[in-house]
Every structure is written in C-alpha cells, then in structure tokens.
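Q: Okay, handing you the structure first.
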Amino acid sequence: MKNKLAQKLKDHSGVVGIVGMGYVGLPLALAFAEAGFRVIGFEIDEDKIKNLKASKNYLRHIDEKRIKNAVESKKLEPTSNIALASECDALIICVPTPLDAHHAPDMSFVCDTLDALGPHLRPGQILSLESTVYPGATQEEVNPRAEKRGLKVGEDIFVIFSPEREDPGNGKFHTANIPKVVGGSTPACLEMGLLLYGQVIQKVVPVSSTQAAEMTKLLENIYRAVNIGLVNELKTVADQMGINIWEVIDAAATKPFGFTPFYPGPGLGGHCIPIDPFYLTWKAKEYGVHTRFIELAGQVNWAMPEWVIEKVTSALNDHGKALKGSRILVLGVAYKKNIDDMRESPSLELMRLLDRKGAKIHYADPLVPFLTNEHKKPGEKLQRMETLLADAKTVASMDCILVATDHDAFDYTMIQENANLIVDTRGRYRKSFTNVVRA
C-alpha cells in the first residue's frame with residue numbers, strides 16, 4: 001500500500017485534498033496544482049468557492065493569473081462537498097486554531113474537520129495537519145480518529161504534522177522556497193510526509209516526531225512574541241528618557257553578530273504571534289510548568305494599545321485638545337503593512353479604545369475599502385466605515401493622524417507637511433518633527 005501511494009506522489013498522479021482555502025491553504029493548493037497534481041480545495045465559505053470557480057482572487061498578495069490557470073486547467077477544484085475526500089490520496093488540514101474567551105486553545109475547527117473527514121478516510125491516504133496546535137495534539141486528536149475508522153497509523157494511513165510558514169506579502173519567500181518541517185507519527189508516516197511535500201517544496205526538514213514539529217512552530221512564534229515584547233517594553237523606557245528607540249535599534253542593528261533587530265508597534269497582529277504562545281502555556285500547565293517568561297511578554301504586548309492611546313491623549317492635550325470629540329484618522333487597519341489581512345490587527349483595538357473614549361474615528365487604508373461588523377468583537381455596534389483618501393485636505397482636517405499600519409502606499413512626506421498632529425507607532429518618522437509624536 002505504501003509503495004503504491006509513493007508511486008502516485010512521485011509521478012504526480014495522486015490527488016491532493018486541502019481543507020481550508022485561506023491564507024495557508026490556497027497558496028499550498030496552487031503549489032501542488034502547478035506541480036501537476038489534481039487538487040481538491042475544500043472550503044465551507046461559499047463566497048470563496050464562487051470566487052475561485054470564477055478565477056477571482058480574494059487574497060491580494062496572490063496573483064490572480066495563478067488561480068485562473070489552476071482552475072481552467074482543472075488542476076484545482078474548489079468545493080464544499082467533503083465526500084470528495086475519499087478520492088484524495090493526501091489530505092492536508094489548514095483551518096484556524098484561535099483562542100477562546102479564556103485564552104485557552106480552541107481546537108473546534110480542527111476537531112470538526114477531522115470528524116467531517118472521518119467517514120471518507122480510507123487505506124492508502126496521508127493525513128497532514130498544518131494548523132498550529134499544542135505539542136501532542138496530533139497524537140491526541142488526529143490518530144485516534146483515524147484508528148476509530150479501523151485504520152492503523154503507519155500502515156493503512158500516514159499521519160503527519162507539518163506547520164505552515166506562510167508570510168503574506170513577503171515578496172522574497174513563498175510556499176515553494178520556505179523550508180518545510182515535517183514530523184510523522186511513525187517512521188513510515190515521516191517517510192510519506194517527506195515524499196509528499198518534497199514534490200512542491202525545495203527543502204523539507206524532518207524531525208523525530210509530530211510533537212517535535214508542533215513545538216517547532218510554537219518556538220518560532222514565541223521567539224518573535226518574546227522579542228517584540230522586549231522591544232515594546234524598551235520603547236516605553238526610552239520614551240520616558242527622551243530617547244528615540246528607533247535610532248537605538250538602527251544603531252544596534254549595525255552589529256554583525258549576536259543581535260537581531262525587532263521593532264516595536266501598537267500591539268501584536270496576525271493569526272500566529274498573538275495566539276500561538278498561549279497554546280504552549282496552556283499545555284505546559286498539564287505538566288506543572290508555569291511559563292512566566294512567555295506570559296510576561298504576552299502581557300507587555302497586550303498592553304501596547306492602551307499605552308498608544310495614552311500617548312494620543314497626551315499629545316492632543318499638548319495641542320490644547322481633548323481626546324473626546326477629536327477627529328482621529330487611523331492610518332492602516334491591516335495587521336502589517338502592504339497586505340489586507342486584518343486578523344487580530346492592533347489597529348482595530350486602537351479604534352475600539354478611541355471609540356470608547358469618545359473620539360470621532362476615521363481610517364485610511366488603500367487595501368481595506370470598508371469595515372463591517374465581521375471585523376468587530378461580539379456585541380460591538382460600530383457602524384460600517386469606509387476608507388478615506390489620505391490626501392492633503394483630509395489630513396489637514398483631522399486633529400490627529402495615528403500611524404497604526406505603515407503601508408508603503410501612504411505619502412508620508414505629504415502627511416507630515418499637512419497634519420496638525422501625528423502619533424507614529426511604526427517608526428515611519430525617524431527624524432524629529434514638531435508635529436510628530438512617537439508611540
């Protein structure tokens with residue numbers, strides 16, 4: 001059975017099913033389709049399916065021509081029909097793993113997906129989980145569901161964990177040239193996982209177990225979260241001392257060894273960095289370990305939006321204005337520059353805080369034409385907002401410009417020349433200006 005599956009992967013005659021056509025699943029689906037595989041893209045969002053079938057893109061950083069070529073050549077078949085999973089030789093799960101209201105892992109998307117796939121699993125399949133999970137999740141959640149169907153892991157079905165490493169908007173790195181970590185439930189599972197991803201990824205990195213692969217993903221994101229927490233705390237210290245933290249970081253970055261620059265901001269955004277550390281802290285408690293260092297970094301990062309609003313309030317006060325009733329233009333609502341991804345964006349939290357304090361909020365983002373209730377937290381009643389042009393007239397009419405996401409499309413020189421006040425959370429204004437306050 002293993003040999004037959006291996007041959008299908010080697011000659012690209014196998015069928016690859018990818019569950020979740022979002023920021024992770026769609027680029028991966030296109031990579032397999034472009035390598036010659038038939039790909040079935042499973043998605044519960046009917047709008048996404050309609051867009052894909054019409055060769056329309058809903059992720060700005062992906063070239064629409066790639067979608068058109070994959071769909072028209074019938075290499076990519078978008079569908080909501082999970083029964084087609086039985087046709088797949090490999091099934092790759094790329095669904096969200098958020099936190100619940102108590103900052104505990106919410107594995108419902110993964111578990112619901114596995115339960116939906118269950119009746120359609122068969123001998124001779126690879127089952128790969130890419131969603132970020134706690135160490136041990138593959139062994140605890142995936143393997144038992146396969147075995148419940150009478151499939152022996154490592155003989156009938158090959159279970160692996162291979163964490164996603166997508167970086168939307170990064171022009172240098174993409175699916176094919178980002179090394180892929182793979183861990184298998186058994187040696188045979190690892191062998192098949194390496195063979196699967198080796199068909200479309202330039203470098204595949206084996207590790208000893210699914211737990212090691214799960215921990216690798218968490219280490220990568222905790223590393224970033226902790227270092228961002230460190231530099232965010234240093235920012236607050238430097239601010240009190242009247243030191244430009246951006247100048248300090250730029251100077252330190254000239255050291256050719258032993259230093260990696262990290263940059264402060266208004267808070268953490270994206271689906272990984274604000275969330276993944278809590279998957280490890282939650283699981284560590286099962287072993288009686290308190291991850292104090294990781295949790296402290298989380299506290300620092302979660303506190304940043306409040307700190308920024310305090311800077312806005314103080315800056316307005318210095319200009320003889322109260323925050324309540326002031327017109328604030330938030331520049332950028334995506335979680336990082338030059339993309340339209342708003343998952344966990346700190347810009348939204350800044351807008352919530354400003355709204356609660358009575359400010360009149362507007363925003364400008366060339367990649368996000370409007371905000372709707374889907375971008376709000378449960379219970380919030382902010383009206384639909386449409387982006388404004390960040391032109392000279394608009395900028396001059398505002399009491400404060402809050403640089404929250406520094407898209408390259410903004411004309412920062414024009415903004416500085418026309419703004420009454422700018423509060424910069426992204427270090428766009430390295431030099432000192434009388435109307436610029438760093439936050």
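Letters A, B, ... mark the chains of the structure tokens in the order given; residue numbers begin at 1 per chain; ligand numbers begin at 1, in order shown.
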Could you pull the residues within 10 Å of Asn244 of chain A, counting only C-alpha atoms, minus those fewer than 2 positions along the same chain, as an MDAnalysis selection string?
A: chainID A and resid 235 238:239 241:242 246:249 427 430:432 438
Q: Can you write out the residues you just picked, keeping C-alpha atoms, as a PDB file, in the first residue's frame?
A:
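Done, and the output landed in again_9.pdb:
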ATOM      1  CA  LYS A 235      10.193  51.590  23.909  1.00  0.00           C
ATOM      2  CA  ALA A 238      13.215  55.060  26.130  1.00  0.00           C
ATOM      3  CA  ASP A 239      10.155  57.279  25.760  1.00  0.00           C
ATOM      4  CA  MET A 241      14.077  59.074  28.975  1.00  0.00           C
ATOM      5  CA  GLY A 242      13.533  61.105  25.831  1.00  0.00           C
ATOM      6  CA  TRP A 246      14.106  53.610  16.532  1.00  0.00           C
ATOM      7  CA  GLU A 247      17.504  55.319  16.371  1.00  0.00           C
ATOM      8  CA  VAL A 248      18.784  52.930  19.038  1.00  0.00           C
ATOM      9  CA  ILE A 249      17.534  49.833  17.182  1.00  0.00           C
ATOM     10  CA  GLY A 427       8.774  54.460  13.248  1.00  0.00           C
ATOM     11  CA  ARG A 430      12.803  58.591  12.234  1.00  0.00           C
ATOM     12  CA  LYS A 431      13.697  62.294  12.253  1.00  0.00           C
ATOM     13  CA  SER A 432      12.198  64.767  14.699  1.00  0.00           C
ATOM     14  CA  ARG A 438       6.426  58.628  18.615  1.00  0.00           C
TER      15      ARG A 438
END
Q: Give me the residues near Arg224 of chain A as a PDB file with N, CA and C atoms, in the first residue's frame, where near means some atom within 12 Å (using only C-alpha atoms) and where sequence neighbours in that chain fewer than 5 positions away do not count.
A:
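Once written, selection-v7.pdb looks like this:
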ATOM      1  N   LYS A 217       6.966  24.908  15.581  1.00  0.00           N
ATOM      2  CA  LYS A 217       6.125  26.039  15.181  1.00  0.00           C
ATOM      3  C   LYS A 217       5.923  27.006  16.337  1.00  0.00           C
ATOM      4  N   LEU A 218       5.675  26.475  17.522  1.00  0.00           N
ATOM      5  CA  LEU A 218       5.462  27.338  18.671  1.00  0.00           C
ATOM      6  C   LEU A 218       6.729  28.109  19.025  1.00  0.00           C
ATOM      7  N   LEU A 219       7.879  27.449  18.934  1.00  0.00           N
ATOM      8  CA  LEU A 219       9.145  28.137  19.216  1.00  0.00           C
ATOM      9  C   LEU A 219       9.348  29.308  18.268  1.00  0.00           C
ATOM     10  N   GLY A 229       7.924  41.721  22.616  1.00  0.00           N
ATOM     11  CA  GLY A 229       7.573  42.185  23.951  1.00  0.00           C
ATOM     12  C   GLY A 229       8.728  42.933  24.598  1.00  0.00           C
ATOM     13  N   LEU A 230       9.936  42.419  24.428  1.00  0.00           N
ATOM     14  CA  LEU A 230      11.127  43.076  24.976  1.00  0.00           C
ATOM     15  C   LEU A 230      11.299  44.474  24.398  1.00  0.00           C
ATOM     16  N   VAL A 231      11.227  44.586  23.079  1.00  0.00           N
ATOM     17  CA  VAL A 231      11.472  45.895  22.457  1.00  0.00           C
ATOM     18  C   VAL A 231      10.311  46.846  22.719  1.00  0.00           C
ATOM     19  N   ASN A 232       9.097  46.316  22.882  1.00  0.00           N
ATOM     20  CA  ASN A 232       7.976  47.182  23.265  1.00  0.00           C
ATOM     21  C   ASN A 232       8.177  47.756  24.662  1.00  0.00           C
ATOM     22  N   THR A 260      19.726  40.530  16.557  1.00  0.00           N
ATOM     23  CA  THR A 260      18.708  40.536  15.503  1.00  0.00           C
ATOM     24  C   THR A 260      17.717  41.640  15.830  1.00  0.00           C
ATOM     25  N   PRO A 261      17.521  42.592  14.916  1.00  0.00           N
ATOM     26  CA  PRO A 261      16.615  43.698  15.237  1.00  0.00           C
ATOM     27  C   PRO A 261      15.145  43.271  15.247  1.00  0.00           C
ATOM     28  N   PHE A 262      14.442  43.671  16.271  1.00  0.00           N
ATOM     29  CA  PHE A 262      12.990  43.570  16.347  1.00  0.00           C
ATOM     30  C   PHE A 262      12.466  44.977  16.577  1.00  0.00           C
ATOM     31  N   TYR A 263      11.257  45.234  16.111  1.00  0.00           N
ATOM     32  CA  TYR A 263      10.751  46.602  16.138  1.00  0.00           C
ATOM     33  C   TYR A 263       9.447  46.686  16.926  1.00  0.00           C
ATOM     34  N   PRO A 264       9.282  47.769  17.680  1.00  0.00           N
ATOM     35  CA  PRO A 264       8.064  47.944  18.467  1.00  0.00           C
ATOM     36  C   PRO A 264       6.880  48.291  17.590  1.00  0.00           C
ATOM     37  N   LEU A 268       0.337  43.310  18.915  1.00  0.00           N
ATOM     38  CA  LEU A 268       0.591  42.191  18.007  1.00  0.00           C
ATOM     39  C   LEU A 268      -0.613  41.930  17.123  1.00  0.00           C
ATOM     40  N   GLY A 269      -0.350  41.496  15.882  1.00  0.00           N
ATOM     41  CA  GLY A 269      -1.421  41.165  14.959  1.00  0.00           C
ATOM     42  C   GLY A 269      -1.117  39.895  14.202  1.00  0.00           C
ATOM     43  N   CYS A 272      -0.904  34.247  14.139  1.00  0.00           N
ATOM     44  CA  CYS A 272       0.081  33.407  14.829  1.00  0.00           C
ATOM     45  C   CYS A 272       0.667  34.039  16.081  1.00  0.00           C
ATOM     46  N   ILE A 273       1.335  35.182  15.926  1.00  0.00           N
ATOM     47  CA  ILE A 273       2.139  35.728  17.016  1.00  0.00           C
ATOM     48  C   ILE A 273       1.314  36.046  18.264  1.00  0.00           C
ATOM     49  N   PRO A 274       0.110  36.641  18.159  1.00  0.00           N
ATOM     50  CA  PRO A 274      -0.649  36.939  19.381  1.00  0.00           C
ATOM     51  C   PRO A 274      -1.277  35.705  20.034  1.00  0.00           C
ATOM     52  N   ILE A 275      -1.341  34.599  19.296  1.00  0.00           N
ATOM     53  CA  ILE A 275      -2.131  33.446  19.739  1.00  0.00           C
ATOM     54  C   ILE A 275      -1.278  32.247  20.132  1.00  0.00           C
ATOM     55  N   ASP A 276      -0.306  31.902  19.302  1.00  0.00           N
ATOM     56  CA  ASP A 276       0.420  30.644  19.468  1.00  0.00           C
ATOM     57  C   ASP A 276       1.102  30.464  20.822  1.00  0.00           C
ATOM     58  N   PRO A 277       1.696  31.524  21.415  1.00  0.00           N
ATOM     59  CA  PRO A 277       2.333  31.312  22.724  1.00  0.00           C
ATOM     60  C   PRO A 277       1.389  30.729  23.760  1.00  0.00           C
ATOM     61  N   ILE A 294       7.150  33.691  28.950  1.00  0.00           N
ATOM     62  CA  ILE A 294       6.268  33.825  27.788  1.00  0.00           C
ATOM     63  C   ILE A 294       5.034  34.653  28.141  1.00  0.00           C
ATOM     64  N   ALA A 297       5.781  38.412  28.416  1.00  0.00           N
ATOM     65  CA  ALA A 297       5.868  39.048  27.100  1.00  0.00           C
ATOM     66  C   ALA A 297       4.470  39.290  26.538  1.00  0.00           C
ATOM     67  N   GLY A 298       3.572  38.319  26.763  1.00  0.00           N
ATOM     68  CA  GLY A 298       2.198  38.493  26.308  1.00  0.00           C
ATOM     69  C   GLY A 298       1.514  39.663  26.975  1.00  0.00           C
ATOM     70  N   ASN A 301       2.826  42.924  25.432  1.00  0.00           N
ATOM     71  CA  ASN A 301       2.298  43.160  24.084  1.00  0.00           C
ATOM     72  C   ASN A 301       0.814  43.504  24.094  1.00  0.00           C
TER      73      ASN A 301
END
Q: Quick one: residues within 9 Å of segment 388-397 of chain A, only C-alpha atoms, excluding same-chain residues fewer than 2 positions away - as a VMD selection string?
A: chain A and resid 327 329 331 362 to 366 369 386 399 to 401 410 to 411 414 to 420
Q: Kindly save the residues from that selection, with C-alpha atoms included, as a PDB file, in the first residue's frame.
A:
ATOM      1  CA  ARG A 327     -11.217  63.735  14.817  1.00  0.00           C
ATOM      2  CA  LEU A 329      -7.569  59.395  11.265  1.00  0.00           C
ATOM      3  CA  LEU A 331      -3.632  55.121   9.004  1.00  0.00           C
ATOM      4  CA  HIS A 362     -11.945  57.638  10.615  1.00  0.00           C
ATOM      5  CA  TYR A 363      -9.482  55.410   8.843  1.00  0.00           C
ATOM      6  CA  ALA A 364      -7.466  55.263   5.645  1.00  0.00           C
ATOM      7  CA  ASP A 365      -6.252  52.002   4.157  1.00  0.00           C
ATOM      8  CA  PRO A 366      -5.838  51.516   0.392  1.00  0.00           C
ATOM      9  CA  PRO A 369     -12.090  49.555   1.411  1.00  0.00           C
ATOM     10  CA  GLU A 386     -15.392  53.267   4.560  1.00  0.00           C
ATOM     11  CA  ASP A 399      -6.978  66.681  14.844  1.00  0.00           C
ATOM     12  CA  CYS A 400      -4.621  63.709  14.879  1.00  0.00           C
ATOM     13  CA  ILE A 401      -3.175  61.186  12.426  1.00  0.00           C
ATOM     14  CA  PHE A 410       0.899  56.392   2.002  1.00  0.00           C
ATOM     15  CA  ASP A 411       2.677  59.658   1.148  1.00  0.00           C
ATOM     16  CA  MET A 414       2.748  64.990   2.361  1.00  0.00           C
ATOM     17  CA  ILE A 415       1.090  63.754   5.546  1.00  0.00           C
ATOM     18  CA  GLN A 416       3.752  65.325   7.749  1.00  0.00           C
ATOM     19  CA  GLU A 417       3.533  68.617   5.896  1.00  0.00           C
ATOM     20  CA  ASN A 418      -0.270  68.852   6.273  1.00  0.00           C
ATOM     21  CA  ALA A 419      -1.045  67.159   9.598  1.00  0.00           C
ATOM     22  CA  ASN A 420      -1.820  69.092  12.754  1.00  0.00           C
TER      23      ASN A 420
END
Q: Out of segment 67-315 of chain A, which residues get strand (DSSP E or B) from DSSP, as a ChimeraX atom specification?
A: /A:76-79,90-93,99,105,125-129,153,157-161,180-184,204-207
Q: Looking at A:Lys337, A:Arg38, A:His102, A:Arg165, which one is nearest to Ile178 of chain A, with distances taken over only C-alpha atoms?
A: A:Arg165
